[in-house]
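Asker: The file below is protein_35.csv, CSV, C-alpha atoms and all ligand atoms:
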chain,number,residue,atom,x,y,z
A,16,MET,CA,88.5,141.1,49.1
A,17,SER,CA,89.0,137.5,47.9
A,18,LEU,CA,92.4,135.8,48.3
A,19,LEU,CA,92.7,135.6,44.5
A,20,GLU,CA,90.8,137.6,41.9
A,21,VAL,CA,91.3,136.6,38.3
A,22,ARG,CA,89.9,139.1,35.8
A,23,ASN,CA,89.8,138.7,32.0
A,24,LEU,CA,92.9,136.6,32.0
A,25,THR,CA,94.0,136.1,28.4
A,26,ILE,CA,97.0,134.0,27.4
A,27,SER,CA,98.4,134.2,23.9
A,28,PHE,CA,101.3,132.5,22.0
A,29,ALA,CA,103.4,134.4,19.6
A,30,THR,CA,103.1,132.8,16.1
A,31,SER,CA,104.3,134.0,12.8
A,32,HIS,CA,100.8,135.4,12.0
A,33,THR,CA,98.6,136.9,14.6
A,34,PRO,CA,99.0,136.0,18.3
A,35,LEU,CA,97.2,132.7,19.1
A,36,LYS,CA,94.8,133.2,22.1
A,37,VAL,CA,94.6,129.9,24.0
A,38,VAL,CA,92.9,131.4,27.2
A,39,ASN,CA,90.3,134.0,26.6
A,40,LYS,CA,89.0,136.4,29.3
A,41,ILE,CA,88.8,133.9,32.2
A,42,ILE,CA,87.3,135.3,35.4
A,43,PHE,CA,87.1,133.7,38.9
A,44,ASP,CA,87.7,134.4,42.6
A,45,ILE,CA,89.1,132.1,45.2
A,46,GLU,CA,88.1,132.8,48.8
A,47,GLU,CA,90.2,131.9,51.8
A,48,ALA,CA,90.1,128.3,52.9
A,49,MET,CA,88.0,127.1,49.9
A,50,VAL,CA,88.5,124.4,47.3
A,51,PHE,CA,88.0,125.9,43.8
A,52,GLY,CA,87.7,123.5,40.9
A,53,LEU,CA,88.9,124.2,37.4
A,54,VAL,CA,87.4,121.7,35.0
A,55,GLY,CA,87.5,120.9,31.3
A,56,GLU,CA,88.7,118.4,28.7
A,57,SER,CA,92.3,118.2,27.5
A,58,GLY,CA,93.6,121.3,25.8
A,59,CYS,CA,91.1,123.7,27.2
A,60,GLY,CA,93.7,125.9,29.0
A,61,LYS,CA,93.6,124.6,32.6
A,62,SER,CA,97.4,124.2,33.0
A,63,LEU,CA,98.2,127.4,31.3
A,64,THR,CA,95.9,129.3,33.6
A,65,ALA,CA,97.6,127.6,36.6
A,66,LEU,CA,101.1,128.5,35.2
A,67,ALA,CA,100.0,132.1,34.8
A,68,LEU,CA,99.1,132.2,38.5
A,69,MET,CA,102.6,130.9,39.3
A,70,GLY,CA,104.3,133.4,36.8
A,71,LEU,CA,105.6,130.4,34.9
A,72,LEU,CA,104.1,130.8,31.4
A,73,PRO,CA,106.3,129.6,28.5
A,74,GLU,CA,108.7,132.1,27.0
A,75,ASN,CA,106.8,132.6,23.8
A,76,SER,CA,103.5,133.4,25.5
A,77,SER,CA,102.1,136.5,27.2
A,78,ALA,CA,99.2,137.2,29.6
A,79,GLY,CA,96.7,140.0,29.7
A,80,GLY,CA,94.0,141.0,32.2
A,81,SER,CA,94.8,140.7,35.9
A,82,ILE,CA,95.6,138.2,38.6
A,83,VAL,CA,95.2,139.9,41.9
A,84,PHE,CA,96.5,137.9,44.9
A,85,LYS,CA,96.1,139.4,48.3
A,86,GLY,CA,95.6,142.8,46.7
A,87,VAL,CA,98.6,142.7,44.4
A,88,ASP,CA,98.4,142.2,40.6
A,89,LEU,CA,100.8,139.3,39.9
A,90,LEU,CA,101.0,140.1,36.2
A,91,SER,CA,102.6,143.5,37.0
A,92,LEU,CA,105.2,142.1,39.5
A,93,LYS,CA,108.8,141.9,38.6
A,94,GLU,CA,110.3,138.4,38.3
A,95,ARG,CA,112.2,138.9,41.5
A,96,SER,CA,109.1,139.6,43.5
A,97,MET,CA,107.3,136.7,41.8
A,98,GLN,CA,110.2,134.4,42.8
A,99,SER,CA,109.8,135.2,46.5
A,100,LEU,CA,106.1,134.6,46.3
A,101,ARG,CA,106.3,131.4,44.2
A,102,GLY,CA,106.6,128.3,46.3
A,103,LYS,CA,106.0,130.3,49.5
A,104,GLU,CA,102.6,132.1,49.1
A,105,ILE,CA,101.4,130.2,46.0
A,106,ALA,CA,102.6,126.6,45.5
A,107,MET,CA,101.8,124.1,42.8
A,108,ILE,CA,101.8,120.4,42.3
A,109,PHE,CA,102.6,120.0,38.7
A,110,GLN,CA,100.7,117.8,36.3
A,111,GLU,CA,103.6,115.3,35.8
A,112,PRO,CA,104.9,114.2,39.2
A,113,MET,CA,107.3,111.7,37.6
A,114,THR,CA,109.2,114.4,35.7
A,115,SER,CA,108.9,117.1,38.4
A,116,LEU,CA,111.2,115.3,40.8
A,117,ASN,CA,114.9,115.3,40.2
A,118,PRO,CA,116.0,111.7,39.8
A,119,VAL,CA,119.5,112.2,41.1
A,120,LEU,CA,118.6,113.9,44.4
A,121,THR,CA,117.1,112.2,47.4
A,122,ILE,CA,113.6,113.3,48.2
A,123,GLY,CA,115.0,114.7,51.5
A,124,CYS,CA,117.3,117.1,49.6
A,125,GLN,CA,114.5,118.2,47.3
A,126,ILE,CA,112.2,119.1,50.2
A,127,ALA,CA,115.0,120.7,52.2
A,128,GLU,CA,115.9,122.9,49.2
A,129,VAL,CA,112.6,124.7,49.4
A,130,LEU,CA,113.1,125.3,53.1
A,131,THR,CA,116.6,126.6,52.8
A,132,THR,CA,115.7,128.9,49.9
A,133,HIS,CA,112.4,130.4,51.3
A,134,GLU,CA,112.6,130.0,55.0
A,135,GLY,CA,116.3,130.5,55.5
A,136,LEU,CA,116.6,127.2,57.5
A,137,SER,CA,120.0,125.6,57.9
A,138,ARG,CA,120.6,122.4,56.0
A,139,ARG,CA,120.3,120.3,59.2
A,140,ALA,CA,117.1,122.0,60.3
A,141,ALA,CA,115.7,121.6,56.8
A,142,MET,CA,116.4,117.9,56.7
A,143,ASP,CA,114.6,117.5,60.1
A,144,LYS,CA,111.7,119.4,58.8
A,145,ALA,CA,111.7,117.3,55.6
A,146,VAL,CA,111.1,114.2,57.8
A,147,GLU,CA,108.3,116.0,59.6
A,148,LEU,CA,106.7,116.9,56.3
A,149,LEU,CA,106.9,113.3,55.0
A,150,ARG,CA,105.0,112.3,58.2
A,151,THR,CA,102.4,115.1,57.5
A,152,VAL,CA,101.8,113.6,54.0
A,153,LYS,CA,101.5,110.2,55.7
A,154,ILE,CA,104.5,108.5,54.2
A,155,PRO,CA,105.4,105.5,56.4
A,156,SER,CA,108.9,105.4,58.0
A,157,PRO,CA,109.7,108.9,57.0
A,158,GLU,CA,113.2,108.8,58.7
A,159,ILE,CA,114.2,106.0,56.2
A,160,ARG,CA,112.4,107.3,53.2
A,161,VAL,CA,113.8,110.8,53.4
A,162,LYS,CA,117.1,109.3,52.2
A,163,GLU,CA,115.5,107.5,49.2
A,164,TYR,CA,115.5,108.5,45.5
A,165,PRO,CA,112.3,109.1,43.5
A,166,HIS,CA,112.7,105.8,41.6
A,167,GLN,CA,112.5,103.9,44.8
A,168,MET,CA,109.0,105.1,45.4
A,169,SER,CA,105.6,104.2,43.9
A,170,GLY,CA,103.6,106.8,42.0
A,171,GLY,CA,101.3,107.5,44.9
A,172,MET,CA,104.3,108.0,47.2
A,173,ARG,CA,106.0,110.3,44.7
A,174,GLN,CA,102.8,112.3,44.6
A,175,ARG,CA,102.9,112.6,48.4
A,176,VAL,CA,106.5,113.9,48.1
A,177,MET,CA,105.3,116.5,45.6
A,178,ILE,CA,102.6,117.6,48.0
A,179,ALA,CA,105.2,117.7,50.9
A,180,ILE,CA,107.4,120.0,48.7
A,181,ALA,CA,104.4,122.2,47.8
A,182,ILE,CA,103.2,122.7,51.4
A,183,ALA,CA,106.7,123.1,52.9
A,184,CYS,CA,106.3,126.8,53.3
A,185,LYS,CA,102.6,126.8,54.3
A,186,PRO,CA,101.3,128.5,51.2
A,187,SER,CA,98.0,130.4,51.2
A,188,LEU,CA,97.1,128.9,47.9
A,189,LEU,CA,97.9,125.4,46.7
A,190,ILE,CA,97.4,124.6,43.0
A,191,ALA,CA,97.0,120.9,42.3
A,192,ASP,CA,97.0,120.2,38.5
A,193,GLU,CA,95.4,116.8,37.9
A,194,PRO,CA,97.0,115.5,41.1
A,195,THR,CA,95.5,112.0,40.7
A,196,THR,CA,95.1,111.4,37.0
A,197,ALA,CA,98.2,109.1,36.8
A,198,LEU,CA,97.1,107.1,39.9
A,199,ASP,CA,94.8,104.1,40.3
A,200,VAL,CA,91.4,104.7,41.9
A,201,THR,CA,92.2,103.7,45.5
A,202,ILE,CA,95.4,105.8,45.6
A,203,GLN,CA,93.4,108.7,43.9
A,204,SER,CA,91.0,108.9,46.8
A,205,GLN,CA,93.7,108.7,49.4
A,206,ILE,CA,95.6,111.6,47.8
A,207,LEU,CA,92.4,113.7,47.6
A,208,THR,CA,91.6,112.9,51.3
A,209,LEU,CA,95.1,113.9,52.2
A,210,LEU,CA,94.8,117.2,50.3
A,211,GLN,CA,91.4,118.0,52.0
A,212,GLY,CA,92.9,117.2,55.4
A,213,LEU,CA,95.9,119.5,54.8
A,214,LYS,CA,93.7,122.3,53.5
A,215,GLU,CA,91.7,122.1,56.8
A,216,GLU,CA,94.7,121.8,59.0
A,217,MET,CA,96.6,124.6,57.3
A,218,GLY,CA,93.7,126.9,56.4
A,219,MET,CA,94.9,127.2,52.9
A,220,SER,CA,92.9,127.4,49.7
A,221,LEU,CA,93.1,124.8,47.0
A,222,LEU,CA,92.8,125.2,43.3
A,223,LEU,CA,92.0,121.7,42.1
A,224,ILE,CA,92.4,121.2,38.4
A,225,THR,CA,90.8,118.1,36.8
A,226,HIS,CA,88.9,116.9,33.7
A,227,ASP,CA,86.7,114.8,36.1
A,228,LEU,CA,83.6,116.5,37.4
A,229,GLY,CA,83.2,113.5,39.8
A,230,ILE,CA,86.3,114.6,41.7
A,231,ILE,CA,84.9,118.2,41.8
A,232,SER,CA,81.5,117.0,43.3
A,233,GLU,CA,83.2,115.4,46.2
A,234,ASN,CA,86.0,117.9,46.8
A,235,ALA,CA,85.3,121.4,45.7
A,236,ASN,CA,83.1,124.3,47.0
A,237,ARG,CA,82.9,126.2,43.7
A,238,ALA,CA,84.0,125.5,40.2
A,239,ALA,CA,84.7,126.9,36.8
A,240,ILE,CA,84.0,124.9,33.6
A,241,MET,CA,86.4,125.7,30.8
A,242,TYR,CA,86.1,124.9,27.1
A,243,ALA,CA,88.5,126.0,24.3
A,244,GLY,CA,90.1,128.6,26.5
A,245,ARG,CA,86.7,130.1,27.6
A,246,LEU,CA,84.9,130.0,30.8
A,247,MET,CA,81.6,128.3,30.0
A,248,GLU,CA,80.0,128.2,33.5
A,249,LEU,CA,80.9,129.3,37.0
A,250,ALA,CA,78.9,128.4,40.1
A,251,ASP,CA,79.0,126.8,43.5
A,252,VAL,CA,79.3,123.1,43.2
A,253,LYS,CA,75.9,122.2,44.6
A,254,GLU,CA,74.3,124.6,42.2
A,255,LEU,CA,76.3,123.4,39.3
A,256,PHE,CA,75.2,119.8,39.9
A,257,SER,CA,71.6,120.5,40.7
A,258,ASN,CA,71.0,123.3,38.1
A,259,PRO,CA,73.6,123.1,35.3
A,260,ARG,CA,73.0,125.9,32.8
A,261,ASN,CA,75.4,125.1,30.1
A,262,PRO,CA,75.3,122.2,27.6
A,263,TYR,CA,79.0,121.6,28.0
A,264,THR,CA,78.6,121.2,31.8
A,265,LEU,CA,75.6,118.8,31.1
A,266,GLY,CA,77.8,116.8,28.7
A,267,LEU,CA,80.6,116.5,31.4
A,268,LEU,CA,78.0,115.5,34.0
A,269,GLU,CA,76.7,112.7,31.8
A,270,SER,CA,80.2,111.4,31.2
A,271,ILE,CA,81.0,111.0,35.0
A,272,PRO,CA,81.5,107.2,35.6
A,273,ARG,CA,78.7,106.0,37.9
A,274,GLU,CA,78.1,102.4,38.7
A,275,ARG,CA,79.9,99.6,37.1
A,276,GLY,CA,78.3,98.4,33.9
A,277,VAL,CA,76.2,101.6,33.4
A,278,PRO,CA,77.4,102.9,30.0
A,279,LEU,CA,78.7,106.5,29.9
A,280,THR,CA,77.5,109.1,27.4
A,281,PRO,CA,80.6,110.8,26.2
A,282,ILE,CA,80.3,114.2,24.5
A,283,PRO,CA,80.6,113.5,20.7
A,284,GLY,CA,83.5,115.1,18.9
A,285,ILE,CA,86.7,116.6,20.2
A,286,VAL,CA,87.9,120.0,21.5
A,287,PRO,CA,88.8,122.2,18.5
A,288,ARG,CA,92.3,123.5,18.3
A,289,PRO,CA,92.8,127.1,19.3
A,290,ASP,CA,93.5,128.1,15.7
A,291,GLU,CA,90.5,126.2,14.4
A,292,LEU,CA,87.7,127.5,16.6
A,293,PRO,CA,84.2,127.4,14.9
A,294,PRO,CA,82.5,130.8,14.4
A,295,GLY,CA,80.0,131.8,17.2
A,296,CYS,CA,79.9,129.6,20.3
A,297,THR,CA,83.1,127.5,20.5
A,298,PHE,CA,81.0,124.5,21.7
A,299,SER,CA,78.4,124.8,18.9
A,300,ASP,CA,79.9,121.9,16.8
A,301,ARG,CA,79.4,119.4,19.6
A,302,CYS,CA,76.2,120.9,21.2
A,303,ARG,CA,72.9,119.0,21.0
A,304,PHE,CA,71.0,122.2,21.8
A,305,VAL,CA,72.6,124.2,19.0
A,306,ARG,CA,70.6,126.7,16.9
A,307,ASP,CA,71.6,128.6,13.8
A,308,TYR,CA,72.2,131.8,15.8
A,309,CYS,CA,74.7,130.0,18.1
A,310,ARG,CA,77.0,129.7,15.1
A,311,GLU,CA,76.9,133.4,14.3
A,312,LYS,CA,78.1,135.3,17.4
A,313,GLU,CA,79.7,134.0,20.5
A,314,PRO,CA,77.5,134.3,23.6
A,315,GLU,CA,78.8,136.4,26.5
A,316,LEU,CA,79.3,135.0,30.0
A,317,GLU,CA,76.2,136.2,31.9
A,318,ALA,CA,74.8,135.8,35.4
A,319,ILE,CA,71.7,133.5,35.6
A,320,SER,CA,71.4,134.0,39.3
A,321,ARG,CA,73.6,135.4,42.1
A,322,GLY,CA,77.0,133.7,41.8
A,323,HIS,CA,76.0,131.6,38.9
A,324,LEU,CA,77.4,132.6,35.4
A,325,THR,CA,77.0,130.8,32.1
A,326,ARG,CA,77.8,131.3,28.5
A,327,CYS,CA,74.9,130.1,26.5
A,328,TYR,CA,72.1,131.7,24.5
A,329,ARG,CA,69.7,129.0,25.6
A,330,ALA,CA,70.7,128.9,29.3
A,331,LYS,CA,67.1,129.6,30.4
A,332,GLU,CA,65.4,127.1,28.1
A,333,PHE,CA,67.2,123.8,27.9
A,334,ARG,CA,67.1,120.8,30.3
A,401,LIG,N1,104.1,126.0,24.7
A,401,LIG,C1,103.0,126.0,24.0
A,401,LIG,N2,103.0,126.5,22.7
A,401,LIG,C2,101.9,126.6,21.9
A,401,LIG,N3,100.7,126.1,22.4
A,401,LIG,C3,100.6,125.6,23.6
A,401,LIG,C4,101.8,125.5,24.5
A,401,LIG,N4,101.4,125.0,25.7
A,401,LIG,C5,100.0,124.8,25.5
A,401,LIG,N5,99.6,125.2,24.3
A,401,LIG,C6,98.2,125.0,23.8
A,401,LIG,O1,97.4,125.7,24.7
A,401,LIG,C7,96.1,125.0,24.9
A,401,LIG,C8,95.9,124.8,26.4
A,401,LIG,O2,96.9,124.0,26.9
A,401,LIG,P1,96.8,123.5,28.5
A,401,LIG,O3,98.0,122.7,28.7
A,401,LIG,O4,96.6,124.7,29.3
A,401,LIG,O5,95.5,122.5,28.5
A,401,LIG,P2,94.9,121.7,29.7
A,401,LIG,O6,93.5,122.1,29.8
A,401,LIG,O7,95.8,121.7,30.9
A,401,LIG,O8,94.9,120.2,29.1
A,401,LIG,P3,95.3,118.8,29.7
A,401,LIG,O9,94.0,118.3,30.4
A,401,LIG,O10,95.6,117.9,28.6
A,401,LIG,O11,96.4,118.9,30.7
A,401,LIG,C9,96.3,123.7,24.1
A,401,LIG,O12,95.6,123.9,22.9
A,401,LIG,C10,97.7,123.6,23.9
A,401,LIG,O13,98.0,122.9,22.6
A,402,MG,MG,97.0,120.4,31.8
Would you mind writing the file out in structure tokens?
Ligand SMILES: Nc1ncnc2c1ncn2[C@@H]1O[C@H](COP(=O)(O)OP(=O)(O)OP(=O)(O)O)[C@@H](O)[C@H]1O
Ligand SMILES: [Mg+2]

Answerer:
Amino acid sequence: MSLLEVRNLTISFATSHTPLKVVNKIIFDIEEAMVFGLVGESGCGKSLTALALMGLLPENSSAGGSIVFKGVDLLSLKERSMQSLRGKEIAMIFQEPMTSLNPVLTIGCQIAEVLTTHEGLSRRAAMDKAVELLRTVKIPSPEIRVKEYPHQMSGGMRQRVMIAIAIACKPSLLIADEPTTALDVTIQSQILTLLQGLKEEMGMSLLLITHDLGIISENANRAAIMYAGRLMELADVKELFSNPRNPYTLGLLESIPRERGVPLTPIPGIVPRPDELPPGCTFSDRCRFVRDYCREKEPELEAISRGHLTRCYRAKEFR
């Protein structure tokens, strides 16, 4: 049994007409102590997938399928049980670190709060543990910084605080939603190194969400490529990079920044809105391998080899 088994996860928003599906039958497994990457351009449903795992979907949305964590389907849990799991067993670093911290509370208070709620620590013990956690995430002079407010810290330091809060209860699964997007390149790699180190030390699994396949190549063991709410390809990272079998993955690979001065080849066009998907394959409008039949019926997600799935009629021919 895997730590997490996501099966046919579908997320819809209530609209005045028919429900609007924004995530459509996503499947993936996360094993213990692995880094799993969820990749795709803006708007493809990565954050909503993560929020579904946390039981934090917006009010006007609903989820179908199943999310089995340690043998329990989270979608069938009552909010109360989900509350005791959230932050303790599954924790998340949210996409906007600047807005996720409370500006009027010291960072020490914010870390301590998780520990008093979930671990039943006294306030005093929780504050001591907060200092220790700041040290774990490599914040210099933690005894001093624990008393500071978020605005007194740089973006990279705030992200470290977010990580400290997320790992406070030693979760089995840590979700990091674009943890480095707002940061400059040097800080980016420091944060990713920190996350890797924590994963090793604590034996947790990491769900790493990013639009950047470059980050995946260096940090993840296995990855899912999402497009317009669909899973387009799912494979081990080595296989994905050496043997991509979906034109969307190829497009993302070609748009990874390489050396300075080497021009990138971005994928032409933009992700269609969920209510304006083209007929047939959702990527057909932007695909350079498209055939007429691709525009008629959407291809299914199919295994091309063991552990490697792709959604493309031409998966065996192109390259
Ligand atoms: N509260 C909401 N109401 C209606 N539609 C929403 C809501 N939140 C998200 N969506 C839509 O769901 C789709 C997926 O959104 P999501 O935030 O999961 O994308 P994402 O892959 O995380 O993108 P990004 O890379 O920009 O963070 C988008 O088309 C978005 O417009
Ligand atoms: Mg997002």

Asker: From the list A:Thr208, A:Asn258, A:Ser137, A:Ser62, which residue is nearest Ala191 in chain A when using all atoms listed in the file?

Answerer: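 Going through A:Thr208, A:Asn258, A:Ser137, A:Ser62 one by one, the smallest distance to Ala191 in chain A is for A:Ser62.
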
Asker: Would you list the residues that come within 9 Å of ligand MG 402 (chain A)? Count all atoms listed in the file and give the answer as a short mmCIF file (atom, residue, chain, number, x, y, z; two decimals) with C-alpha atoms, in the coordinates of the input.

Answerer:
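Here's the written file part_30.cif:
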data_model
loop_
_atom_site.label_atom_id
_atom_site.label_comp_id
_atom_site.auth_asym_id
_atom_site.auth_seq_id
_atom_site.Cartn_x
_atom_site.Cartn_y
_atom_site.Cartn_z
CA SER A 57 92.30 118.20 27.50
CA GLY A 58 93.60 121.30 25.80
CA CYS A 59 91.10 123.70 27.20
CA GLY A 60 93.70 125.90 29.00
CA LYS A 61 93.60 124.60 32.60
CA SER A 62 97.40 124.20 33.00
CA LEU A 63 98.20 127.40 31.30
CA ALA A 65 97.60 127.60 36.60
CA PHE A 109 102.60 120.00 38.70
CA GLN A 110 100.70 117.80 36.30
CA ASP A 192 97.00 120.20 38.50
CA GLU A 193 95.40 116.80 37.90
CA ILE A 224 92.40 121.20 38.40
CA THR A 225 90.80 118.10 36.80
#

Asker: Could you work out how far atom O12 of ligand LIG 401 (chain A) lies from CA of Pro34 in chain A, giving the answer in Å with one decimal?

Answerer: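 So the two atoms, CA of Pro34 in chain A and atom O12 of ligand LIG 401 (chain A), lie 13.4 Å apart.
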
Asker: Please write as a JSON list (two decimals) with C-alpha atoms, keeping the file's coordinate frame the list of polymer residues whose atoms come within 12 Å of (82.9, 117.1, 47.4), counting all atoms listed in the file and keeping to the coordinates of the file.

Answerer:
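Result file out.json:
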[["chain", "number", "residue", "atom", "x", "y", "z"],
["A", 49, "MET", "CA", 88.00, 127.10, 49.90],
["A", 50, "VAL", "CA", 88.50, 124.40, 47.30],
["A", 51, "PHE", "CA", 88.00, 125.90, 43.80],
["A", 52, "GLY", "CA", 87.70, 123.50, 40.90],
["A", 204, "SER", "CA", 91.00, 108.90, 46.80],
["A", 207, "LEU", "CA", 92.40, 113.70, 47.60],
["A", 208, "THR", "CA", 91.60, 112.90, 51.30],
["A", 211, "GLN", "CA", 91.40, 118.00, 52.00],
["A", 223, "LEU", "CA", 92.00, 121.70, 42.10],
["A", 228, "LEU", "CA", 83.60, 116.50, 37.40],
["A", 229, "GLY", "CA", 83.20, 113.50, 39.80],
["A", 230, "ILE", "CA", 86.30, 114.60, 41.70],
["A", 231, "ILE", "CA", 84.90, 118.20, 41.80],
["A", 232, "SER", "CA", 81.50, 117.00, 43.30],
["A", 233, "GLU", "CA", 83.20, 115.40, 46.20],
["A", 234, "ASN", "CA", 86.00, 117.90, 46.80],
["A", 235, "ALA", "CA", 85.30, 121.40, 45.70],
["A", 236, "ASN", "CA", 83.10, 124.30, 47.00],
["A", 237, "ARG", "CA", 82.90, 126.20, 43.70],
["A", 238, "ALA", "CA", 84.00, 125.50, 40.20],
["A", 251, "ASP", "CA", 79.00, 126.80, 43.50],
["A", 252, "VAL", "CA", 79.30, 123.10, 43.20],
["A", 253, "LYS", "CA", 75.90, 122.20, 44.60],
["A", 256, "PHE", "CA", 75.20, 119.80, 39.90]]

Asker: Given a cut-off of 10 Å, what residues near ligand LIG 401 (chain A) show up using all atoms listed in the file, put as number ranges by chain?

Answerer: A: 26-30, 35-38, 53-67, 72-76, 110-111, 192-193, 196, 224-227, 241-244, 286-290

Asker: Could you pull the residues within 10 Å of Ala250 in chain A, counting only C-alpha atoms, minus those fewer than 6 positions along the same chain, as an mmCIF file with C-alpha atoms, in the coordinates of the input?

Answerer:
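So the final result, stored in part-v7.cif, reads:
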data_model
loop_
_atom_site.group_PDB
_atom_site.id
_atom_site.type_symbol
_atom_site.label_atom_id
_atom_site.label_comp_id
_atom_site.auth_asym_id
_atom_site.auth_seq_id
_atom_site.Cartn_x
_atom_site.Cartn_y
_atom_site.Cartn_z
ATOM 1 C CA PHE A 43 87.100 133.700 38.900
ATOM 2 C CA ASN A 236 83.100 124.300 47.000
ATOM 3 C CA ARG A 237 82.900 126.200 43.700
ATOM 4 C CA ALA A 238 84.000 125.500 40.200
ATOM 5 C CA ALA A 239 84.700 126.900 36.800
ATOM 6 C CA ILE A 240 84.000 124.900 33.600
ATOM 7 C CA PHE A 256 75.200 119.800 39.900
ATOM 8 C CA ASN A 258 71.000 123.300 38.100
ATOM 9 C CA PRO A 259 73.600 123.100 35.300
ATOM 10 C CA ARG A 260 73.000 125.900 32.800
ATOM 11 C CA ALA A 318 74.800 135.800 35.400
ATOM 12 C CA ILE A 319 71.700 133.500 35.600
ATOM 13 C CA SER A 320 71.400 134.000 39.300
ATOM 14 C CA ARG A 321 73.600 135.400 42.100
ATOM 15 C CA GLY A 322 77.000 133.700 41.800
ATOM 16 C CA HIS A 323 76.000 131.600 38.900
ATOM 17 C CA LEU A 324 77.400 132.600 35.400
ATOM 18 C CA THR A 325 77.000 130.800 32.100
#

Asker: Residues near Cys327 in chain A, anyone? I mean within 12 Å using all atoms listed in the file, not counting same-chain ones fewer than 4 positions away, as a PyMOL selection string.

Answerer: chain A and resi 245-248+259-264+295-299+302+304-306+308-310+312-319+331-333

Asker: Calculated over only C-alpha atoms, which of the candidates A:Leu68, A:Leu24, A:Val200, A:Ile178 has the smallest distance to Ile122 in chain A?

Answerer: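 Of A:Leu68, A:Leu24, A:Val200, A:Ile178, the one nearest Ile122 in chain A, counting only C-alpha atoms, is A:Ile178.
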
Asker: Select, from A:Val83, A:Leu265, A:Val119, A:Val152, the residue with the minimum atom-to-atom distance to Ile180 in chain A, counting all atoms listed in the file.

Answerer: A:Val152

Asker: Tell me which of A:Pro155, A:Gly266, A:Gly170, A:Gly123 sits closest to Pro281 in chain A, counting only C-alpha atoms.

Answerer: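 Closest to Pro281 in chain A of all the choices is A:Gly266.
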
Asker: So that I can see what lies close to Arg160 in chain A, please list as a list in words the residues with an atom at most 12 Å from it, counting all atoms listed in the file and leaving out residues fewer than 4 positions away in the same chain.

Answerer: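 These residues fall inside the cut-off: Thr121, Ile122, Gly123, Cys124, Met142, Ala145, Val146, Glu147, Leu148, Leu149, Arg150, Lys153, Ile154, Pro155, Ser156, Tyr164, Pro165, His166, Gln167, Met168, Ser169, Met172, Arg173, Arg175 and Val176 of chain A.
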
Asker: Please compute the CA of Arg329 in chain A-CA of Leu255 in chain A distance, one decimal, in Å.

Answerer: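 For CA of Arg329 in chain A relative to CA of Leu255 in chain A, the distance reads 16.2 Å.
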
Asker: Measure the distance from CA of Phe84 in chain A to CA of Thr151 in chain A in Å and round it to one decimal.

Answerer: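 Result for CA of Phe84 in chain A versus CA of Thr151 in chain A: 26.7 Å, one decimal.
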
Asker: Counting all atoms listed in the file, which of A:Cys184, A:Leu90, A:Lys162, A:Met219 gets nearest to His133 in chain A?

Answerer: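 Between A:Cys184, A:Leu90, A:Lys162, A:Met219, the residue approaching His133 in chain A most closely is A:Cys184.
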
Asker: Met177 in chain A: which residues within 9 Å, counting all atoms listed in the file, same-chain residues fewer than 6 positions away excluded, as a PDB file with C-alpha atoms, in the frame of the given file?

Answerer:
ATOM      1  CA  MET A 107     101.800 124.100  42.800  1.00  0.00           C
ATOM      2  CA  ILE A 108     101.800 120.400  42.300  1.00  0.00           C
ATOM      3  CA  PHE A 109     102.600 120.000  38.700  1.00  0.00           C
ATOM      4  CA  PRO A 112     104.900 114.200  39.200  1.00  0.00           C
ATOM      5  CA  SER A 115     108.900 117.100  38.400  1.00  0.00           C
ATOM      6  CA  LEU A 116     111.200 115.300  40.800  1.00  0.00           C
ATOM      7  CA  ILE A 126     112.200 119.100  50.200  1.00  0.00           C
TER       8      ILE A 126
END

Asker: Name the closest residue to Ile285 in chain A among the candidates A:Arg301, A:Ser270, A:Lys214, A:Gly102; distances are taken between atoms, counting only C-alpha atoms.

Answerer: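 Looking only at the distances to Ile285 in chain A, the closest residue turns out to be A:Arg301.
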
Asker: Fewer than 4 positions away in the same chain doesn't count, so skip those; otherwise give me all residues within 6 Å of Asn23 in chain A, counting all atoms listed in the file, as a list in words.

Answerer: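 Counting only the stated atoms, we get Lys40, Ile41, Ile42 and Gly80 of chain A.
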
Asker: Tell me which residues come within 12 Å of (97.5, 123.8, 58.3), as a list in words, counting all atoms listed in the file in the file's coordinates.

Answerer: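 Residues lying no farther than 12 Å from the given point: Ala48, Leu148, Thr151, Val152, Ile182, Ala183, Cys184, Lys185, Pro186, Ser187, Leu188, Leu189, Leu209, Leu210, Gln211, Gly212, Leu213, Lys214, Glu215, Glu216, Met217, Gly218, Met219 and Ser220 of chain A.
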